[in-house]
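Reviewing the structure listed below.
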Amino acid sequence: MRWARYALAAGTMLAWGLAQQRGGRGPAFQATPEELAQIGAKSQQIEDLVRQAKAGQAKARRLDPDLVGDVEVYAKAGRFLQEFPDLINNQNAVGHAMTVLDRGIERANQLLAGAAPWNTGRKQIHAYYSAIDGSVQPYAVTLPENYDPARPTRLYVWLHGRQNNTTESEFLFAQQNFRPGNVADQGQIQIDLFGRINGEGWHWGGEADVFEGIAAMEKRFQIDRTRIIIRGFSQGGEGAWHIALHHPDVFAAAEIGAGTWSRRAQMPGLEPYQLAVLKIWENMAEWALNAYNLPLAAHDGDSDTQPNAIPAFPPGTPSRGQLESSLHARAQLEKEGFHAEGEPDNLHMVGAPDIFLISLHTGHGARPLVRQRLDAFLKEWGDKGQTSPEHIKFVTYTTRYNRDYWVTVDQLGKQYERADVDAQRSDGGAAYAIDTHNVARLVLRETGHARSIRIDGNDLKVKPAPDIALLKTGAAWKVDAGRKSAALHKVHGLQGPIDDAFLDPFLLVRPTGTPWHAAVNQQALRTLARFQRMWGKYFRGHPFVKDDKDVTTADMSKYHLVLFGDPGSNKVMAKVMARLPVAWTKEIVTLAGKSYPAGENYPALIYPNPLMRGKYVVLNTGLTIPDNEYNADYGMPRWGDYAVVKVKDGAEMPDLVTAGLFDENWRIEK
């Protein structure tokens with residue numbers, strides 16, 4: 001029954017994380033005060049040793065920050081256990097923490113002595129500092145037996161499955177000997193990402209972990225940028241669907257095992273602005289066309305019984321578990337015009353480089369035969385590596401995810417509605433034939449030989465250039481020689497909703513002045529405290545925070561500003577209010593044509609920062625998802641681009657009064 005043992009292993013690739021979970025059975029485990037104190041003392045010892053190392057090296061040479069991170073991540077592992085002790089779920093976790101912290105003390109002493117022996121060996125544990133919040137995040141590396149540091153090497157990026165209650169401590173403890181998936185050795189380096197616990201289904205900080213992890217690898221190892229392959233299973237498969245189809249030009253191939261899919265759009269009670277933003281992440285099957293230039297292998301067992309959809313189907317509803325995610329993606333590719341050929345358990349899409357495999361008589365996992373086919377697929381596309389395609393088919397629903405090789409959708413006709421680009425180049429890159437839908441501005445790259453472009457029936461003569469921008473007015477396209485205009489448009493990274501600000505580095509700004517209304521100011525501060533706590537617990541970092549009086553121009557150029565309070569209490573808010581699409585006085589808040597008493601109502605919104613081009617300003621909210629979605633598969637933005645909220649005495653979050661989306665020019669939709 002070798003295949004059964006393999007299926008079990010594949011289906012529980014993160015058993016070390018799941019081992020911490022109580023599953024709701026029995027009383028909650030609590031570490032003793034003495035154990036928490038010991039964890040704190042060991043963390044402090046690591047911090048003190050690092051401080052000594054920094055002081056000793058200050059005059060001679062600056063310590064390598066990467067090596068410092070490799071040590072400080074152990075101190076962080078202990079500090080966050082102290083801060084969130086409810087994530088310590090059994091006595092084993094306490095013992096693991098002690099082992100991890102002792103290893104951190106050993107590393108700190110080695111750093112103090114000017115050594116870093118953890119940089120050797122096939123299995124290495126490292127860390128990087130995240131740009132989003134400055135937190136230090138761990139990752140693990142497995143090197144091939146024949147690794148040559150002088151030769152660029154292919155990289156496999158592994159996204160783990162569900163681990164709702166794991167911590168840095170458990171990750172560091174387990175990763176020393178952990179190698180997921182029994183994948184064949186093709187001479188690849190493998191990175192195992194922490195994903196900030198669940199990374200909220202590999203969104204927000206979890207999504208950043210993928211790209212920051214790859215960047216960290218490129219600093220330490222010779223990575224072949226054209227041979228990076230993303231892999232994941234279960235919730236990691238869900239994340240791989242999301243990352244691969246939103247970034248189709250980043251990876252040489254993708255292996256996606258299982259993964260949930262969302263049917264929340266079918267549920268009653270959602271407002272139009274909430275239904276719209278579901279198109280960002282929760283309709284991944286509808287992004288399947290982006291596999292046209294991304295070799296993708298999707299698989300699962302035909303007897304999978306894991307929850308397959310969010311929300312789950314009612315009990316007794318027929319389903320094939322998480323195999324459903326593959327079935328839905330394949331069905332969408334067939335709608336796009338690609339038909340499947342082969343046996344039902346081994347299908348390939350004609351006209352696209354994608355395969356769909358099923359492990360027969362198998363649950364949440366893969367049989368050896370499927371694993372062999374997956375390994376052959378990864379080898380084939382890893383050997384080929386990426387090349388810039390002559391023909392691109394690309395779909396998006398938001399300018400946040402807008403690029404596929406030499407095509408960038410810079411502006412949409414309307415966010416959250418399907419936008420398509422079908423672009424071919426010929427004659428050595430001299431001629432382009434392009435069809436679009438719901439695209440208002442398009443940027444082409446690799447156009448050093450371009451002479452003519454036919455787009456939606458418009459014939460344009462162009463001059464060769466590194467990139468060419470095209471602008472649509474009515475039904476007519478023209479070359480946008482003036483590049484971007486000064487007028488406001490929703491563009492990549494500046495298109496909302498509110499929650500979009502937390503995909504990039506952000507700075508929380510506390511008020512220090514005299515508020516117009518104490519109740520409003522206190523509610524805003526409660527919301528701030530709640531967001532800091534929830535981000536810390538589930539995204540494993542403490543956001544950057546400053547008092548309003550200390551915010552500098554340099555801060556504004558580096559961060560999205562998230563302002564709390566009112567124009568009386570927050571100096572930065574007072575500076576920007578006149579240029580925001582909301583009128584807010586001591587008496588009245590007016591937004592979207594309606595007015596509300598300012599004594600108990602206030603705005604929460606996102607808008608391009610009037611003081612700094614290319615950055616957001618956010619008022620009075622962090623993520624707008626509810627608490628229970630911080631540690632789930634999908635977090636649905638609840639407030640769109642703007643909202644008016646009402647003070648709720650004693651509550652961390654205010655009541656929602658009204659909300660909506662700005663149009664493509666950042667105006668109130670009419």
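Chains: A, B, ... in order of the structure tokens. Residues: from 1 per chain. Ligands: from 1, in order shown.
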So that I can see what lies close to Ala115 of chain A, please list as a PyMOL selection string the residues with an atom at most 12 Å from it, counting only C-alpha atoms and leaving out residues fewer than 5 positions away in the same chain. chain A and resi 53+63-64+67-68+71+106-110+120
Which residues of segment 305-340 of chain A come within 6 Å of segment 345-358 of chain A, and what is each one's closest atom pair and distance in Å (one decimal), counting only C-alpha atoms, sorted by chain and residue number, as JSON lines?
```
{"residue": "A:Phe338", "atom": "CA", "partner": "A:Val350", "partner_atom": "CA", "distance": 5.7}
{"residue": "A:His339", "atom": "CA", "partner": "A:Met349", "partner_atom": "CA", "distance": 5.6}
{"residue": "A:Ala340", "atom": "CA", "partner": "A:Met349", "partner_atom": "CA", "distance": 4.5}
```
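Rounded to one decimal, atom CA of His242 of chain A and atom CA of Asp663 of chain A lie 25.4 Å from each other.
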Counting only C-alpha atoms, which residues of segment 101-140 of chain A sit at most 8 Å from some atom of segment 491-509 of chain A, and what is each one's closest atom pair with its distance in Å to one decimal, listed by chain and rising residue number, as JSON lines?
```
{"residue": "A:Ala131", "atom": "CA", "partner": "A:Pro505", "partner_atom": "CA", "distance": 5.8}
{"residue": "A:Ile132", "atom": "CA", "partner": "A:Pro505", "partner_atom": "CA", "distance": 3.7}
{"residue": "A:Asp133", "atom": "CA", "partner": "A:Pro505", "partner_atom": "CA", "distance": 6.2}
```
Please run DSSP on the backbone and report, as a short mmCIF file (atom, residue, chain, number, x, y, z; two decimals) with N, CA and C atoms, in the first residue's frame, all residues within segment 138-195 of chain A that come out as alpha helix (DSSP H).
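Final output, saved to selection_29.cif:
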```
data_model
loop_
_atom_site.label_atom_id
_atom_site.label_comp_id
_atom_site.auth_asym_id
_atom_site.auth_seq_id
_atom_site.Cartn_x
_atom_site.Cartn_y
_atom_site.Cartn_z
N GLU A 168 6.03 30.85 14.43
CA GLU A 168 7.43 30.83 14.00
C GLU A 168 8.20 29.71 14.72
N SER A 169 7.90 29.54 15.99
CA SER A 169 8.59 28.52 16.79
C SER A 169 8.39 27.13 16.19
N GLU A 170 7.14 26.78 15.88
CA GLU A 170 6.86 25.46 15.31
C GLU A 170 7.48 25.31 13.92
N PHE A 171 7.44 26.37 13.13
CA PHE A 171 8.04 26.33 11.80
C PHE A 171 9.54 26.08 11.92
N LEU A 172 10.21 26.84 12.77
CA LEU A 172 11.65 26.70 12.93
C LEU A 172 12.02 25.32 13.48
N PHE A 173 11.20 24.80 14.38
CA PHE A 173 11.48 23.49 14.97
C PHE A 173 11.38 22.40 13.91
N ALA A 174 10.33 22.46 13.10
CA ALA A 174 10.06 21.37 12.17
C ALA A 174 10.90 21.43 10.90
N GLN A 175 11.25 22.61 10.46
CA GLN A 175 11.83 22.74 9.13
C GLN A 175 13.25 22.18 9.02
#
```
Using only C-alpha atoms, find each residue in segment 528-645 of chain A having at least one atom no more than 12 Å away from segment 302-317 of chain A; report its shortest atom-to-atom pair and that distance in Å (one decimal), rows by chain then rising number, as CSV.
```
residue,atom,partner,partner_atom,distance
A:Glu629,CA,A:Ile310,CA,11.3
A:Ala632,CA,A:Ile310,CA,9.6
A:Asp633,CA,A:Ile310,CA,7.7
A:Tyr634,CA,A:Ile310,CA,7.9
A:Gly635,CA,A:Ile310,CA,10.7
A:Met636,CA,A:Ile310,CA,11.3
```
Set the distance at 9 Å and use only C-alpha atoms: which residues neighbour segment 404-420 of chain A once local chain neighbours fewer than 3 positions away are removed? I'd like the list as a ChimeraX atom specification. /A:247-250,276-280,286,290,293,388-389,392-399,401,423,435-447,467,469,471,489-492,495,663-664
Which polymer residues have any atom within 12 Å of an atom of Thr99 of chain A, counting only C-alpha atoms, with same-chain residues fewer than 2 positions away left out, as a PyMOL selection string? chain A and resi 38-39+42-43+74+77-78+92-97+101-106+169-170+172-174+176
Can I get the selection written as an mmCIF file, in the first residue's frame, with C-alpha atoms?
```
data_model
loop_
_atom_site.group_PDB
_atom_site.id
_atom_site.type_symbol
_atom_site.label_atom_id
_atom_site.label_comp_id
_atom_site.auth_asym_id
_atom_site.auth_seq_id
_atom_site.Cartn_x
_atom_site.Cartn_y
_atom_site.Cartn_z
ATOM 1 C CA GLN A 38 11.429 31.194 30.571
ATOM 2 C CA ILE A 39 10.504 31.815 26.923
ATOM 3 C CA LYS A 42 15.619 33.148 26.402
ATOM 4 C CA SER A 43 14.271 35.645 23.862
ATOM 5 C CA TYR A 74 14.492 33.198 16.924
ATOM 6 C CA ALA A 77 9.601 33.402 17.796
ATOM 7 C CA GLY A 78 9.733 33.660 21.583
ATOM 8 C CA ASN A 92 4.960 19.703 22.898
ATOM 9 C CA ALA A 93 4.785 23.260 21.597
ATOM 10 C CA VAL A 94 6.351 24.472 24.843
ATOM 11 C CA GLY A 95 9.182 21.973 24.487
ATOM 12 C CA HIS A 96 9.660 22.897 20.837
ATOM 13 C CA ALA A 97 9.888 26.559 21.798
ATOM 14 C CA LEU A 101 15.226 29.381 21.543
ATOM 15 C CA ASP A 102 18.304 27.430 22.617
ATOM 16 C CA ARG A 103 19.201 27.135 18.943
ATOM 17 C CA GLY A 104 18.720 30.891 18.638
ATOM 18 C CA ILE A 105 21.042 31.495 21.611
ATOM 19 C CA GLU A 106 23.632 29.297 19.924
ATOM 20 C CA SER A 169 8.586 28.521 16.786
ATOM 21 C CA GLU A 170 6.864 25.456 15.312
ATOM 22 C CA LEU A 172 11.650 26.699 12.928
ATOM 23 C CA PHE A 173 11.477 23.491 14.969
ATOM 24 C CA ALA A 174 10.056 21.370 12.168
ATOM 25 C CA GLN A 176 15.270 21.454 10.052
#
```
Contacts of Pro567 of chain A within 8 Å, only C-alpha atoms, excl. fewer than 3 positions in-chain, as a PyMOL selection string: chain A and resi 515-516+570-574+577
Just the selected residues (N, CA and C atoms), exported as a short mmCIF file (atom, residue, chain, number, x, y, z; two decimals), in the first residue's frame, please.
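Below is the file again-v2.cif, written as the result:
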```cif
data_model
loop_
_atom_site.label_atom_id
_atom_site.label_comp_id
_atom_site.auth_asym_id
_atom_site.auth_seq_id
_atom_site.Cartn_x
_atom_site.Cartn_y
_atom_site.Cartn_z
N PRO A 515 -9.27 66.35 19.66
CA PRO A 515 -10.30 65.91 18.72
C PRO A 515 -11.51 66.84 18.72
N TRP A 516 -12.20 66.84 17.59
CA TRP A 516 -13.46 67.57 17.52
C TRP A 516 -14.51 66.92 18.42
N ASN A 570 -5.77 64.78 14.29
CA ASN A 570 -4.69 64.25 13.46
C ASN A 570 -4.21 65.32 12.49
N LYS A 571 -2.98 65.77 12.70
CA LYS A 571 -2.42 66.87 11.91
C LYS A 571 -2.30 66.52 10.43
N VAL A 572 -1.93 65.29 10.12
CA VAL A 572 -1.78 64.90 8.72
C VAL A 572 -3.15 64.85 8.05
N MET A 573 -4.14 64.35 8.77
CA MET A 573 -5.48 64.31 8.22
C MET A 573 -5.97 65.72 7.91
N ALA A 574 -5.67 66.65 8.78
CA ALA A 574 -6.09 68.03 8.55
C ALA A 574 -5.48 68.59 7.26
N MET A 577 -7.50 66.80 4.10
CA MET A 577 -8.97 66.73 4.02
C MET A 577 -9.56 67.56 2.89
#
```
All strand (DSSP E) positions in segment 145-388 of chain A, as a count of residues only: 51
Interface rows for segment 182-279 of chain A against segment 145-161 of chain A: nearest pair, Å to one decimal, 9 Å, only C-alpha atoms, as a Markdown table:
```
| residue | atom | partner | partner_atom | distance |
| --- | --- | --- | --- | --- |
| A:Asp185 | CA | A:Glu145 | CA | 8.9 |
| A:Gln186 | CA | A:Arg154 | CA | 8.6 |
| A:Gly187 | CA | A:Asn146 | CA | 6.8 |
| A:Gln188 | CA | A:Arg154 | CA | 5.0 |
| A:Ile189 | CA | A:Leu155 | CA | 4.8 |
| A:Gln190 | CA | A:Tyr156 | CA | 4.7 |
| A:Ile191 | CA | A:Val157 | CA | 5.2 |
| A:Asp192 | CA | A:Trp158 | CA | 5.0 |
| A:Leu193 | CA | A:Leu159 | CA | 6.2 |
| A:Phe194 | CA | A:His160 | CA | 7.8 |
| A:Gly195 | CA | A:Leu159 | CA | 7.5 |
| A:Asn198 | CA | A:Gly161 | CA | 8.0 |
| A:Trp202 | CA | A:Leu159 | CA | 8.4 |
| A:Val210 | CA | A:Val157 | CA | 7.8 |
| A:Gly213 | CA | A:Val157 | CA | 8.8 |
| A:Ile214 | CA | A:Val157 | CA | 7.9 |
| A:Phe221 | CA | A:Pro149 | CA | 6.6 |
| A:Gln222 | CA | A:Pro152 | CA | 4.6 |
| A:Ile223 | CA | A:Thr153 | CA | 4.9 |
| A:Asp224 | CA | A:Pro152 | CA | 4.7 |
| A:Arg225 | CA | A:Arg154 | CA | 7.6 |
| A:Thr226 | CA | A:Arg154 | CA | 7.9 |
| A:Arg227 | CA | A:Arg154 | CA | 4.8 |
| A:Ile228 | CA | A:Leu155 | CA | 4.7 |
| A:Ile229 | CA | A:Tyr156 | CA | 4.9 |
| A:Ile230 | CA | A:Val157 | CA | 4.7 |
| A:Arg231 | CA | A:Trp158 | CA | 5.0 |
| A:Gly232 | CA | A:Leu159 | CA | 4.6 |
| A:Phe233 | CA | A:Gly161 | CA | 5.8 |
| A:Ser234 | CA | A:Gly161 | CA | 5.1 |
| A:Gln235 | CA | A:Gly161 | CA | 4.4 |
| A:Gly236 | CA | A:Gly161 | CA | 4.5 |
| A:Gly237 | CA | A:Leu159 | CA | 7.4 |
| A:Glu238 | CA | A:Gly161 | CA | 8.7 |
| A:Gly239 | CA | A:Leu159 | CA | 7.1 |
| A:Ala240 | CA | A:Leu159 | CA | 7.1 |
| A:Gly259 | CA | A:Gly161 | CA | 8.9 |
```
Could you turn the residues from that selection into a file that holds C-alpha atoms, as a JSON list (two decimals), in the first residue's frame?
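Written file, selection.json:
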```
[["chain", "number", "residue", "atom", "x", "y", "z"],
["A", 185, "ASP", "CA", 15.36, 16.04, -7.46],
["A", 186, "GLN", "CA", 16.00, 17.91, -10.69],
["A", 187, "GLY", "CA", 18.87, 19.89, -9.23],
["A", 188, "GLN", "CA", 16.50, 22.53, -7.85],
["A", 189, "ILE", "CA", 16.72, 24.65, -4.74],
["A", 190, "GLN", "CA", 13.54, 24.61, -2.70],
["A", 191, "ILE", "CA", 12.24, 27.39, -0.47],
["A", 192, "ASP", "CA", 9.59, 26.58, 2.13],
["A", 193, "LEU", "CA", 7.72, 29.72, 3.11],
["A", 194, "PHE", "CA", 6.22, 30.44, 6.51],
["A", 195, "GLY", "CA", 3.36, 32.38, 4.95],
["A", 198, "ASN", "CA", -2.00, 31.01, 6.90],
["A", 202, "TRP", "CA", -1.75, 33.57, 0.86],
["A", 210, "VAL", "CA", 6.05, 34.69, -1.75],
["A", 213, "GLY", "CA", 10.95, 35.15, -0.04],
["A", 214, "ILE", "CA", 12.07, 34.83, -3.66],
["A", 221, "PHE", "CA", 21.88, 32.02, -3.83],
["A", 222, "GLN", "CA", 22.31, 31.95, -7.59],
["A", 223, "ILE", "CA", 18.71, 31.66, -8.75],
["A", 224, "ASP", "CA", 17.80, 31.23, -12.41],
["A", 225, "ARG", "CA", 15.04, 33.82, -12.78],
["A", 226, "THR", "CA", 13.59, 32.02, -15.80],
["A", 227, "ARG", "CA", 13.21, 28.73, -13.91],
["A", 228, "ILE", "CA", 11.17, 29.54, -10.81],
["A", 229, "ILE", "CA", 8.31, 27.11, -10.23],
["A", 230, "ILE", "CA", 5.52, 27.60, -7.69],
["A", 231, "ARG", "CA", 3.98, 24.60, -5.92],
["A", 232, "GLY", "CA", 1.33, 24.13, -3.25],
["A", 233, "PHE", "CA", -1.19, 21.69, -1.87],
["A", 234, "SER", "CA", -4.49, 22.09, -0.01],
["A", 235, "GLN", "CA", -4.60, 25.68, 1.24],
["A", 236, "GLY", "CA", -1.19, 25.97, -0.41],
["A", 237, "GLY", "CA", -2.92, 24.89, -3.61],
["A", 238, "GLU", "CA", -5.48, 27.62, -3.08],
["A", 239, "GLY", "CA", -2.62, 30.06, -2.67],
["A", 240, "ALA", "CA", -0.87, 28.72, -5.76],
["A", 259, "GLY", "CA", -7.30, 24.01, -2.96]]
```
